[in-house]
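Chemist: Dumping the structure here so I can ask a few things about it.
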Amino acid sequence: MDFPEFFAKAPVIALRDPLAVFLGASKTGTMRYAYADAVKLAGHSCPTVAGAYLMVRRGLSCLYGGDMPERGGIEVHLRDPRDQGTTGVIAAVATLITGAAPETGFGGIGPGGRFGRRDLLRFDAPIDGLMALRRRDGGRGVTLDLDTSVVPAAREMQPLFPRVVAGQAGADEQVRFAELWQERVERMLTLHADDPALVRAAEWQAAA
């Protein structure tokens, strides 16, 4: 696809999915997710999609360190209601990577619901942050928050943005707007991917 070149420079997230091994989809179960995968899911690239991707990446790093995270072994908690603002977009990216799903998710195999992902994604969570991740195999948790002001939009966007939104921009202005929009996303993903000011993480004592 004709994605911007910087998509390939964004960090990749690797997990192991035991369900993939169980059902023969993969011998090792290793799943690698790139930023382009999140863009394909959302249908667009923006600071919210990039921020959700980086929050999940940071959370997995905090919970697993140098070990391979287990897809399907993680709960995702979101502070806001599912229909508020960009919460749905953030949830979709989190589901893509972690496998955690709401009530519509895979119910599992057998009487015990082995490999189930249903109800691992929850909204309206009482957390201090946009998102929290929790390991199912011990309860260790981390809260995550995103401060996109750390990577501000170019000054040129200030007069340009309202014209584009109102449908008053010319073709050249529209092209310039798209370039500036993606330049900000690029800075988030390539220059600030590990910036603790962009994605803030804190230990979360989640109830089991």
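Letters A, B, ... go to the chains of the structure tokens in the order shown; residues in each chain start at 1; ligands are counted from 1 in the same order.
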If you take only C-alpha atoms and a cut-off of 7 Å, which residues of region 100-131 of chain A touch region 136-159 of chain A, and what are their nearest atom pairs and distances in Å to one decimal, in chain and number order, as JSON lines?

Modeler:
```
{"residue": "A:Asp128", "atom": "CA", "partner": "A:Thr143", "partner_atom": "CA", "distance": 6.8}
{"residue": "A:Gly129", "atom": "CA", "partner": "A:Asp145", "partner_atom": "CA", "distance": 4.7}
{"residue": "A:Leu130", "atom": "CA", "partner": "A:Asp145", "partner_atom": "CA", "distance": 5.1}
{"residue": "A:Met131", "atom": "CA", "partner": "A:Leu144", "partner_atom": "CA", "distance": 5.1}
```

Chemist: Considering only alpha helix (DSSP H) as DSSP defines it on the backbone, what residues of region 1-207 of chain A qualify? List them as JSON, numbers by chain.

Modeler: {"A": [18, 19, 20, 21, 22, 35, 36, 37, 38, 39, 40, 41, 42, 47, 48, 49, 50, 51, 52, 53, 54, 55, 56, 57, 58, 59, 60, 61, 62, 63, 64, 87, 88, 89, 90, 91, 92, 93, 94, 95, 96, 97, 98, 157, 158, 159, 160, 161, 162, 163, 164, 165, 171, 172, 173, 174, 175, 176, 177, 178, 179, 180, 181, 182, 183, 184, 185, 186]}

Chemist: Could you state the separation of CA of Arg79 (chain A) and CA of Pro162 (chain A) in Å, given to one decimal place?

Modeler: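 These atoms are spaced 29.3 Å apart.
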
Chemist: Applying 10 Å and only C-alpha atoms, which residues near Leu19 (chain A) remain after dropping the ones on its own chain fewer than 5 positions away? List them as a PyMOL selection string.

Modeler: chain A and resi 24-26+29+71-72+108-109+114-116

Chemist: Next, the residues of the selection above should be written as an mmCIF file, in the first residue's frame with all heavy atoms.

Modeler:
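Ended up saving to selection_3.cif:
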```cif
data_model
loop_
_atom_site.group_PDB
_atom_site.id
_atom_site.type_symbol
_atom_site.label_atom_id
_atom_site.label_comp_id
_atom_site.auth_asym_id
_atom_site.auth_seq_id
_atom_site.Cartn_x
_atom_site.Cartn_y
_atom_site.Cartn_z
ATOM 1 N N GLY A 24 -3.407 -24.407 15.332
ATOM 2 C CA GLY A 24 -2.544 -24.653 14.192
ATOM 3 C C GLY A 24 -2.344 -23.496 13.242
ATOM 4 O O GLY A 24 -1.841 -23.675 12.134
ATOM 5 N N ALA A 25 -2.718 -22.291 13.663
ATOM 6 C CA ALA A 25 -2.499 -21.140 12.794
ATOM 7 C C ALA A 25 -1.037 -20.733 12.746
ATOM 8 O O ALA A 25 -0.595 -20.094 11.792
ATOM 9 C CB ALA A 25 -3.345 -19.954 13.265
ATOM 10 N N SER A 26 -0.293 -21.110 13.786
ATOM 11 C CA SER A 26 1.119 -20.762 13.871
ATOM 12 C C SER A 26 1.823 -21.781 14.749
ATOM 13 O O SER A 26 1.286 -22.193 15.779
ATOM 14 C CB SER A 26 1.279 -19.358 14.463
ATOM 15 O OG SER A 26 2.619 -19.107 14.808
ATOM 16 N N GLY A 29 3.147 -19.282 17.549
ATOM 17 C CA GLY A 29 2.156 -18.371 18.103
ATOM 18 C C GLY A 29 2.596 -16.923 18.110
ATOM 19 O O GLY A 29 1.874 -16.058 18.612
ATOM 20 N N ARG A 71 -0.723 -12.806 24.256
ATOM 21 C CA ARG A 71 -1.973 -12.291 23.692
ATOM 22 C C ARG A 71 -3.129 -13.144 24.218
ATOM 23 O O ARG A 71 -3.086 -14.374 24.163
ATOM 24 C CB ARG A 71 -1.924 -12.326 22.169
ATOM 25 C CG ARG A 71 -3.043 -11.540 21.505
ATOM 26 C CD ARG A 71 -2.801 -11.420 20.009
ATOM 27 N NE ARG A 71 -3.775 -10.505 19.409
ATOM 28 C CZ ARG A 71 -4.971 -10.874 18.965
ATOM 29 N NH1 ARG A 71 -5.338 -12.150 19.053
ATOM 30 N NH2 ARG A 71 -5.804 -9.983 18.449
ATOM 31 N N GLY A 72 -4.147 -12.489 24.715
ATOM 32 C CA GLY A 72 -5.253 -13.208 25.339
ATOM 33 C C GLY A 72 -5.079 -13.349 26.842
ATOM 34 O O GLY A 72 -6.006 -13.773 27.531
ATOM 35 N N GLY A 108 -14.172 -18.759 24.067
ATOM 36 C CA GLY A 108 -13.237 -19.788 24.519
ATOM 37 C C GLY A 108 -13.626 -21.175 24.052
ATOM 38 O O GLY A 108 -14.654 -21.391 23.413
ATOM 39 N N ILE A 109 -12.796 -22.137 24.400
ATOM 40 C CA ILE A 109 -12.960 -23.530 23.982
ATOM 41 C C ILE A 109 -13.186 -24.403 25.203
ATOM 42 O O ILE A 109 -12.435 -24.339 26.181
ATOM 43 C CB ILE A 109 -11.727 -24.010 23.205
ATOM 44 C CG1 ILE A 109 -11.548 -23.179 21.921
ATOM 45 C CG2 ILE A 109 -11.834 -25.498 22.870
ATOM 46 C CD1 ILE A 109 -10.267 -23.470 21.170
ATOM 47 N N ARG A 114 -11.473 -22.044 27.750
ATOM 48 C CA ARG A 114 -10.035 -21.881 27.531
ATOM 49 C C ARG A 114 -9.769 -20.989 26.319
ATOM 50 O O ARG A 114 -10.452 -21.108 25.302
ATOM 51 C CB ARG A 114 -9.410 -23.259 27.326
ATOM 52 C CG ARG A 114 -7.897 -23.280 27.296
ATOM 53 C CD ARG A 114 -7.409 -24.702 27.079
ATOM 54 N NE ARG A 114 -5.963 -24.778 27.002
ATOM 55 C CZ ARG A 114 -5.300 -25.838 26.550
ATOM 56 N NH1 ARG A 114 -5.972 -26.920 26.147
ATOM 57 N NH2 ARG A 114 -3.985 -25.840 26.506
ATOM 58 N N PHE A 115 -8.810 -20.127 26.444
ATOM 59 C CA PHE A 115 -8.415 -19.163 25.417
ATOM 60 C C PHE A 115 -9.463 -18.063 25.193
ATOM 61 O O PHE A 115 -9.389 -17.330 24.224
ATOM 62 C CB PHE A 115 -8.130 -19.840 24.063
ATOM 63 C CG PHE A 115 -7.133 -20.951 24.115
ATOM 64 C CD1 PHE A 115 -7.501 -22.251 23.785
ATOM 65 C CD2 PHE A 115 -5.828 -20.701 24.504
ATOM 66 C CE1 PHE A 115 -6.582 -23.287 23.823
ATOM 67 C CE2 PHE A 115 -4.891 -21.739 24.543
ATOM 68 C CZ PHE A 115 -5.270 -23.026 24.206
ATOM 69 N N GLY A 116 -10.415 -17.938 26.093
ATOM 70 C CA GLY A 116 -11.464 -16.938 25.920
ATOM 71 C C GLY A 116 -10.932 -15.519 25.995
ATOM 72 O O GLY A 116 -9.994 -15.225 26.734
#
```

Chemist: Excluding region 90-94 of chain A and any residue of its chain fewer than 5 positions from it, enumerate the residues within 7 Å of it, using only C-alpha atoms, and give them as an MDAnalysis selection string.

Modeler: chainID A and resid 38 49 52:53 56

Chemist: Would you please give, as a PyMOL selection string, all residues of region 112-203 of chain A that DSSP assigns to strand (DSSP E or B) based on the backbone?

Modeler: chain A and resi 114+121-122+131-135+141-146+199-203

Chemist: How many Å separate CA of Arg58 (chain A) from CA of Arg16 (chain A)?

Modeler: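 Result for CA of Arg58 (chain A) versus CA of Arg16 (chain A): 16.6 Å, one decimal.
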
Chemist: Which residues are close to Tyr33 (chain A), i.e. within 7 Å by only C-alpha atoms, leaving aside same-chain residues fewer than 2 positions away? Reply as a list of chain:residue names.

Modeler: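 Using only C-alpha atoms, the neighbours found are A:Val12, A:Ile13, A:Ala14, A:Met31, A:Tyr35, A:Asp37, A:Ile97.
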
Chemist: Rank nothing, just name the residue among A:Leu189, A:Val164, A:Cys46, A:Ala201 nearest to Phe7 (chain A), using only C-alpha atoms.

Modeler: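 Checking each candidate against Phe7 (chain A), we get A:Leu189 as the closest.
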
Chemist: Pick from A:Ala10, A:Val76, A:Leu198, A:Val175: nearest to Leu96 (chain A), with only C-alpha atoms counted?

Modeler: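 Among A:Ala10, A:Val76, A:Leu198, A:Val175, it is A:Val76 that comes nearest to Leu96 (chain A).
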